[in-house]
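K.L.:
Here it is, the structure, as structure tokens.
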Amino acid sequence: MKNFVAAAVQIAVEPNQVTSNINKALKWLERAVAEHKADLVVFPETITTGFNPNLSPEQLYDLIDEVDGEQTKPIREAARELSVHVVWPTYTRGPKRGFVYNSSLLIDAKGEIVGVYHKTHPFPSERRAGGGWAEAGSTACVYETELGNIGMIICYDGDFPELARLLALNGAEVIVRPSALMRSFDIWDLTTRARAYDNHVYMIGTNAVGPDAGGAYYFGHSMIVDPTAWKLAQARGTEEIISAELDSDPLKYITKGSRAPMTFDHLEDRNLDVYRELLKEGKSRFEPAIRIPYKRRSE
């Protein structure tokens with residue numbers, strides 16, 4: 001990768017008001033480029049509607065659009081005009097009415113969609129089989145851009161170390177995590193920094209702020225973390241933009257401000273023989289208060 005400036009645009013949505021949310025995001029995108037000289041801008045999860053739409057899957061399907069539909073066109077045009085890469089998270093239509101993905105689109109500085117990721121770990125109350133509205137995606141890819149190799153996850157995905165590890169093994173240098181996380185700041189901070197440190201990648205976590213149609217209120221505190229788990233930027237609980245320059249040589253020293261050389265690599269140092277049983281079904285030995293059912297793809 002090359003040195004470049006990444007920005008997290010932390011703004012509140014007007015629940016389910018797609019057009020006004022797009023127009024607002026366009027203004028903040030212009031600010032990120034003008035004020036922060038951003039090369040990559042990451043918006044929060046489900047920026048066009050808010051996370052919980054308080055709608056049936058069929059109603060939500062009717063409200064949103066295809067991946068490359070009319071609702072995406074203004075963002076693509078702005079990315080091209082401003083010459084900036086954009087991570088645009090939004091619900092998108094699946095193959096039939098009522099089939100909805102929680103998606104994130106990677107748009108390059110020419111306005112082209114170079115990557116589409118469908119959230120592979122919907123939150124239990126979000127997944128349709130558990131009474132929610134979204135279907136799970138089944139692939140996770142790394143996309144080559146002129147800035148570097150970018151991997152994509154969404155919110156609850158960040159709780160699963162295997163997913164970020166897969167992206168790192170496939171060459172990710174930066175992982176973006178648009179989110180609408182409402183558990184606690186400590187969990188948000190822990191998981192975002194851990195995924196950066198586990199895999200020696202940059203993490204750009206843009207969290208939602210403000211309410212959604214389901215009555216949840218999000219706390220923001222977006223962050224940009226380097227591959228040694230050092231926070232380069234930290235937002236507050238309000239609408240704002242944070243940014244940081246990502247260094248193309250981040251593992252020279254063991255931590256920020258130190259001159260002690262880095263001598264380990266978490267990817268290279270794995271003992272693969274230990275992990276033979278990793279890919280099997282499992283449950284915690286401790287029972288959650290409510291276990292929301294879902295169907296696996298094999299069922």
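Letters A, B, ... mark the chains of the structure tokens in the order given; residue numbers begin at 1 per chain; ligand numbers begin at 1, in order shown.
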Please identify all polymer residues within 10 Å of range 277-293 of chain A, counting only C-alpha atoms, omitting same-chain residues fewer than 6 positions from it, and present them as a PDB file with all heavy atoms, in the first residue's frame.

P.N.:
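What landed in result_33.pdb:
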ATOM      1  N   PHE A 123     -26.410  -9.791  13.201  1.00  0.00           N
ATOM      2  CA  PHE A 123     -26.676  -9.905  14.632  1.00  0.00           C
ATOM      3  C   PHE A 123     -27.893 -10.808  14.828  1.00  0.00           C
ATOM      4  O   PHE A 123     -28.801 -10.823  13.983  1.00  0.00           O
ATOM      5  CB  PHE A 123     -26.931  -8.513  15.223  1.00  0.00           C
ATOM      6  CG  PHE A 123     -26.786  -8.462  16.719  1.00  0.00           C
ATOM      7  CD1 PHE A 123     -25.537  -8.565  17.303  1.00  0.00           C
ATOM      8  CD2 PHE A 123     -27.899  -8.321  17.529  1.00  0.00           C
ATOM      9  CE1 PHE A 123     -25.395  -8.535  18.679  1.00  0.00           C
ATOM     10  CE2 PHE A 123     -27.768  -8.286  18.905  1.00  0.00           C
ATOM     11  CZ  PHE A 123     -26.510  -8.402  19.489  1.00  0.00           C
ATOM     12  N   PRO A 124     -27.950 -11.616  15.908  1.00  0.00           N
ATOM     13  CA  PRO A 124     -29.051 -12.583  16.061  1.00  0.00           C
ATOM     14  C   PRO A 124     -30.443 -12.001  15.844  1.00  0.00           C
ATOM     15  O   PRO A 124     -31.290 -12.634  15.198  1.00  0.00           O
ATOM     16  CB  PRO A 124     -28.855 -13.088  17.492  1.00  0.00           C
ATOM     17  CG  PRO A 124     -27.375 -13.025  17.694  1.00  0.00           C
ATOM     18  CD  PRO A 124     -26.934 -11.777  16.959  1.00  0.00           C
ATOM     19  N   SER A 125     -30.717 -10.813  16.366  1.00  0.00           N
ATOM     20  CA  SER A 125     -32.042 -10.216  16.177  1.00  0.00           C
ATOM     21  C   SER A 125     -32.223  -9.624  14.788  1.00  0.00           C
ATOM     22  O   SER A 125     -33.337  -9.300  14.383  1.00  0.00           O
ATOM     23  CB  SER A 125     -32.271  -9.130  17.226  1.00  0.00           C
ATOM     24  OG  SER A 125     -31.277  -8.121  17.132  1.00  0.00           O
ATOM     25  N   ARG A 127     -30.984 -11.208  11.839  1.00  0.00           N
ATOM     26  CA  ARG A 127     -31.123 -12.227  10.807  1.00  0.00           C
ATOM     27  C   ARG A 127     -32.585 -12.661  10.661  1.00  0.00           C
ATOM     28  O   ARG A 127     -33.303 -12.839  11.640  1.00  0.00           O
ATOM     29  CB  ARG A 127     -30.210 -13.423  11.091  1.00  0.00           C
ATOM     30  CG  ARG A 127     -30.390 -14.084  12.410  1.00  0.00           C
ATOM     31  CD  ARG A 127     -29.392 -15.240  12.594  1.00  0.00           C
ATOM     32  NE  ARG A 127     -29.631 -15.910  13.856  1.00  0.00           N
ATOM     33  CZ  ARG A 127     -28.752 -16.015  14.837  1.00  0.00           C
ATOM     34  NH1 ARG A 127     -27.553 -15.481  14.696  1.00  0.00           N
ATOM     35  NH2 ARG A 127     -29.062 -16.650  15.946  1.00  0.00           N
ATOM     36  N   ALA A 129     -34.069 -15.401   9.824  1.00  0.00           N
ATOM     37  CA  ALA A 129     -34.495 -16.663  10.413  1.00  0.00           C
ATOM     38  C   ALA A 129     -34.746 -16.551  11.913  1.00  0.00           C
ATOM     39  O   ALA A 129     -35.427 -17.390  12.500  1.00  0.00           O
ATOM     40  CB  ALA A 129     -33.452 -17.747  10.148  1.00  0.00           C
ATOM     41  N   GLY A 130     -34.225 -15.503  12.542  1.00  0.00           N
ATOM     42  CA  GLY A 130     -34.447 -15.263  13.952  1.00  0.00           C
ATOM     43  C   GLY A 130     -35.508 -14.221  14.222  1.00  0.00           C
ATOM     44  O   GLY A 130     -35.612 -13.702  15.339  1.00  0.00           O
ATOM     45  N   GLY A 131     -36.279 -13.880  13.189  1.00  0.00           N
ATOM     46  CA  GLY A 131     -37.338 -12.890  13.337  1.00  0.00           C
ATOM     47  C   GLY A 131     -36.969 -11.518  12.852  1.00  0.00           C
ATOM     48  O   GLY A 131     -37.756 -10.578  13.003  1.00  0.00           O
ATOM     49  N   GLU A 162     -11.911 -15.094  13.283  1.00  0.00           N
ATOM     50  CA  GLU A 162     -11.618 -15.879  12.084  1.00  0.00           C
ATOM     51  C   GLU A 162     -11.829 -15.069  10.805  1.00  0.00           C
ATOM     52  O   GLU A 162     -11.119 -15.264   9.817  1.00  0.00           O
ATOM     53  CB  GLU A 162     -12.494 -17.138  12.036  1.00  0.00           C
ATOM     54  CG  GLU A 162     -12.351 -18.067  13.222  1.00  0.00           C
ATOM     55  CD  GLU A 162     -13.320 -17.770  14.345  1.00  0.00           C
ATOM     56  OE1 GLU A 162     -13.845 -16.635  14.409  1.00  0.00           O
ATOM     57  OE2 GLU A 162     -13.554 -18.680  15.158  1.00  0.00           O
TER      58      GLU A 162
END

K.L.:
Could you pull the residues within 8 Å of Val174 in chain A, counting only C-alpha atoms, minus those fewer than 2 positions along the same chain, as a list in words?

P.N.:
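These residues fall inside the cut-off: Gly148, Asn149, Ile150, Gly151, Ala172, Val176, Val201, Tyr202, Met203 and Ile204 of chain A.
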
K.L.:
Just the number, please: distance in Å from CA of Lys110 in chain A to CA of Ala79 in chain A, one decimal.

P.N.:
6.7 Å

K.L.:
Quick one: distance from CA of Ala6 in chain A to CA of Leu40 in chain A in Å, one decimal?

P.N.:
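Pair CA of Ala6 in chain A / CA of Leu40 in chain A returns 4.8 Å.
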
K.L.:
For range 42-48 of chain A, work out the shell of residues within 7 Å, counting only C-alpha atoms and skipping chain neighbours fewer than 3 positions away, then give it as a list in words.

P.N.:
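Returned residues: Ala7, Ala8, Val9, Gln10, Val13, Asn16, Val18, Asn21, Ile22, Phe51, Val86, Val87, Trp88, Pro89, Thr90, Tyr91, Ile154, Pro178, Ser179, Ala180, Thr206, Asn207 and Ala208 of chain A.
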
K.L.:
Write to file, as a tab-separated table (two decimals), in the first residue's frame, the residues of the selection just made, with N, CA and C atoms.

P.N.:
chain	number	residue	atom	x	y	z
A	7	ALA	N	-10.57	8.54	6.40
A	7	ALA	CA	-11.49	9.32	7.22
A	7	ALA	C	-12.72	8.49	7.56
A	8	ALA	N	-13.20	8.67	8.78
A	8	ALA	CA	-14.46	8.08	9.21
A	8	ALA	C	-15.47	9.21	9.38
A	9	VAL	N	-16.58	9.13	8.65
A	9	VAL	CA	-17.62	10.14	8.70
A	9	VAL	C	-18.74	9.61	9.58
A	10	GLN	N	-18.85	10.17	10.76
A	10	GLN	CA	-19.80	9.71	11.78
A	10	GLN	C	-20.98	10.67	11.83
A	13	VAL	N	-28.55	9.47	10.94
A	13	VAL	CA	-29.50	9.38	9.83
A	13	VAL	C	-30.88	9.82	10.30
A	16	ASN	N	-35.12	5.77	7.90
A	16	ASN	CA	-35.86	5.33	6.71
A	16	ASN	C	-36.10	6.41	5.67
A	18	VAL	N	-34.45	7.69	2.90
A	18	VAL	CA	-33.30	7.34	2.08
A	18	VAL	C	-32.73	8.56	1.34
A	21	ASN	N	-31.02	11.13	3.59
A	21	ASN	CA	-29.77	10.58	4.14
A	21	ASN	C	-28.66	10.57	3.10
A	22	ILE	N	-28.99	10.25	1.87
A	22	ILE	CA	-28.00	10.30	0.80
A	22	ILE	C	-27.50	11.72	0.60
A	51	PHE	N	-29.97	1.27	11.23
A	51	PHE	CA	-29.80	-0.18	11.35
A	51	PHE	C	-31.13	-0.92	11.46
A	86	VAL	N	-14.70	5.48	-1.49
A	86	VAL	CA	-15.79	5.56	-0.52
A	86	VAL	C	-16.24	4.15	-0.15
A	87	VAL	N	-16.41	3.92	1.15
A	87	VAL	CA	-17.09	2.71	1.62
A	87	VAL	C	-18.50	3.13	1.99
A	88	TRP	N	-19.46	2.58	1.25
A	88	TRP	CA	-20.87	3.01	1.33
A	88	TRP	C	-21.71	1.85	1.83
A	89	PRO	N	-22.08	1.83	3.11
A	89	PRO	CA	-22.85	0.72	3.68
A	89	PRO	C	-24.35	1.00	3.60
A	90	THR	N	-25.09	0.03	3.08
A	90	THR	CA	-26.53	0.21	2.90
A	90	THR	C	-27.20	-1.15	2.75
A	91	TYR	N	-28.46	-1.23	3.12
A	91	TYR	CA	-29.21	-2.43	2.78
A	91	TYR	C	-29.40	-2.49	1.27
A	154	ILE	N	-18.58	-5.87	8.62
A	154	ILE	CA	-19.62	-4.96	9.10
A	154	ILE	C	-19.95	-5.30	10.55
A	178	PRO	N	-17.66	-0.58	9.06
A	178	PRO	CA	-18.82	0.26	9.31
A	178	PRO	C	-19.76	-0.44	10.29
A	179	SER	N	-20.30	0.31	11.24
A	179	SER	CA	-21.02	-0.33	12.34
A	179	SER	C	-22.20	0.49	12.82
A	180	ALA	N	-23.10	-0.21	13.49
A	180	ALA	CA	-24.15	0.40	14.30
A	180	ALA	C	-24.15	-0.37	15.61
A	206	THR	N	-16.14	2.84	11.73
A	206	THR	CA	-17.03	3.99	11.75
A	206	THR	C	-18.36	3.56	12.36
A	207	ASN	N	-18.65	4.07	13.55
A	207	ASN	CA	-19.86	3.65	14.26
A	207	ASN	C	-20.96	4.70	14.10
A	208	ALA	N	-22.19	4.22	14.07
A	208	ALA	CA	-23.35	5.12	13.95
A	208	ALA	C	-23.50	5.98	15.20

K.L.:
Apply DSSP to the backbone of this structure and, from range 16-169 of chain A, keep only the residues in strand (DSSP E or B); write these as a count of residues only.

P.N.:
37

K.L.:
Of the candidates A:Leu251, A:Leu63, A:Leu190, A:Cys141, which shows the shortest atom-to-atom distance to Leu166 in chain A, using only C-alpha atoms?

P.N.:
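When distances to Leu166 in chain A are compared using only C-alpha atoms, the smallest one comes from A:Cys141.
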
K.L.:
Among range 69-217 of chain A, which ones does DSSP place in alpha helix (DSSP H), written as number ranges by chain?

P.N.:
A: 73-82, 161-169, 185-199
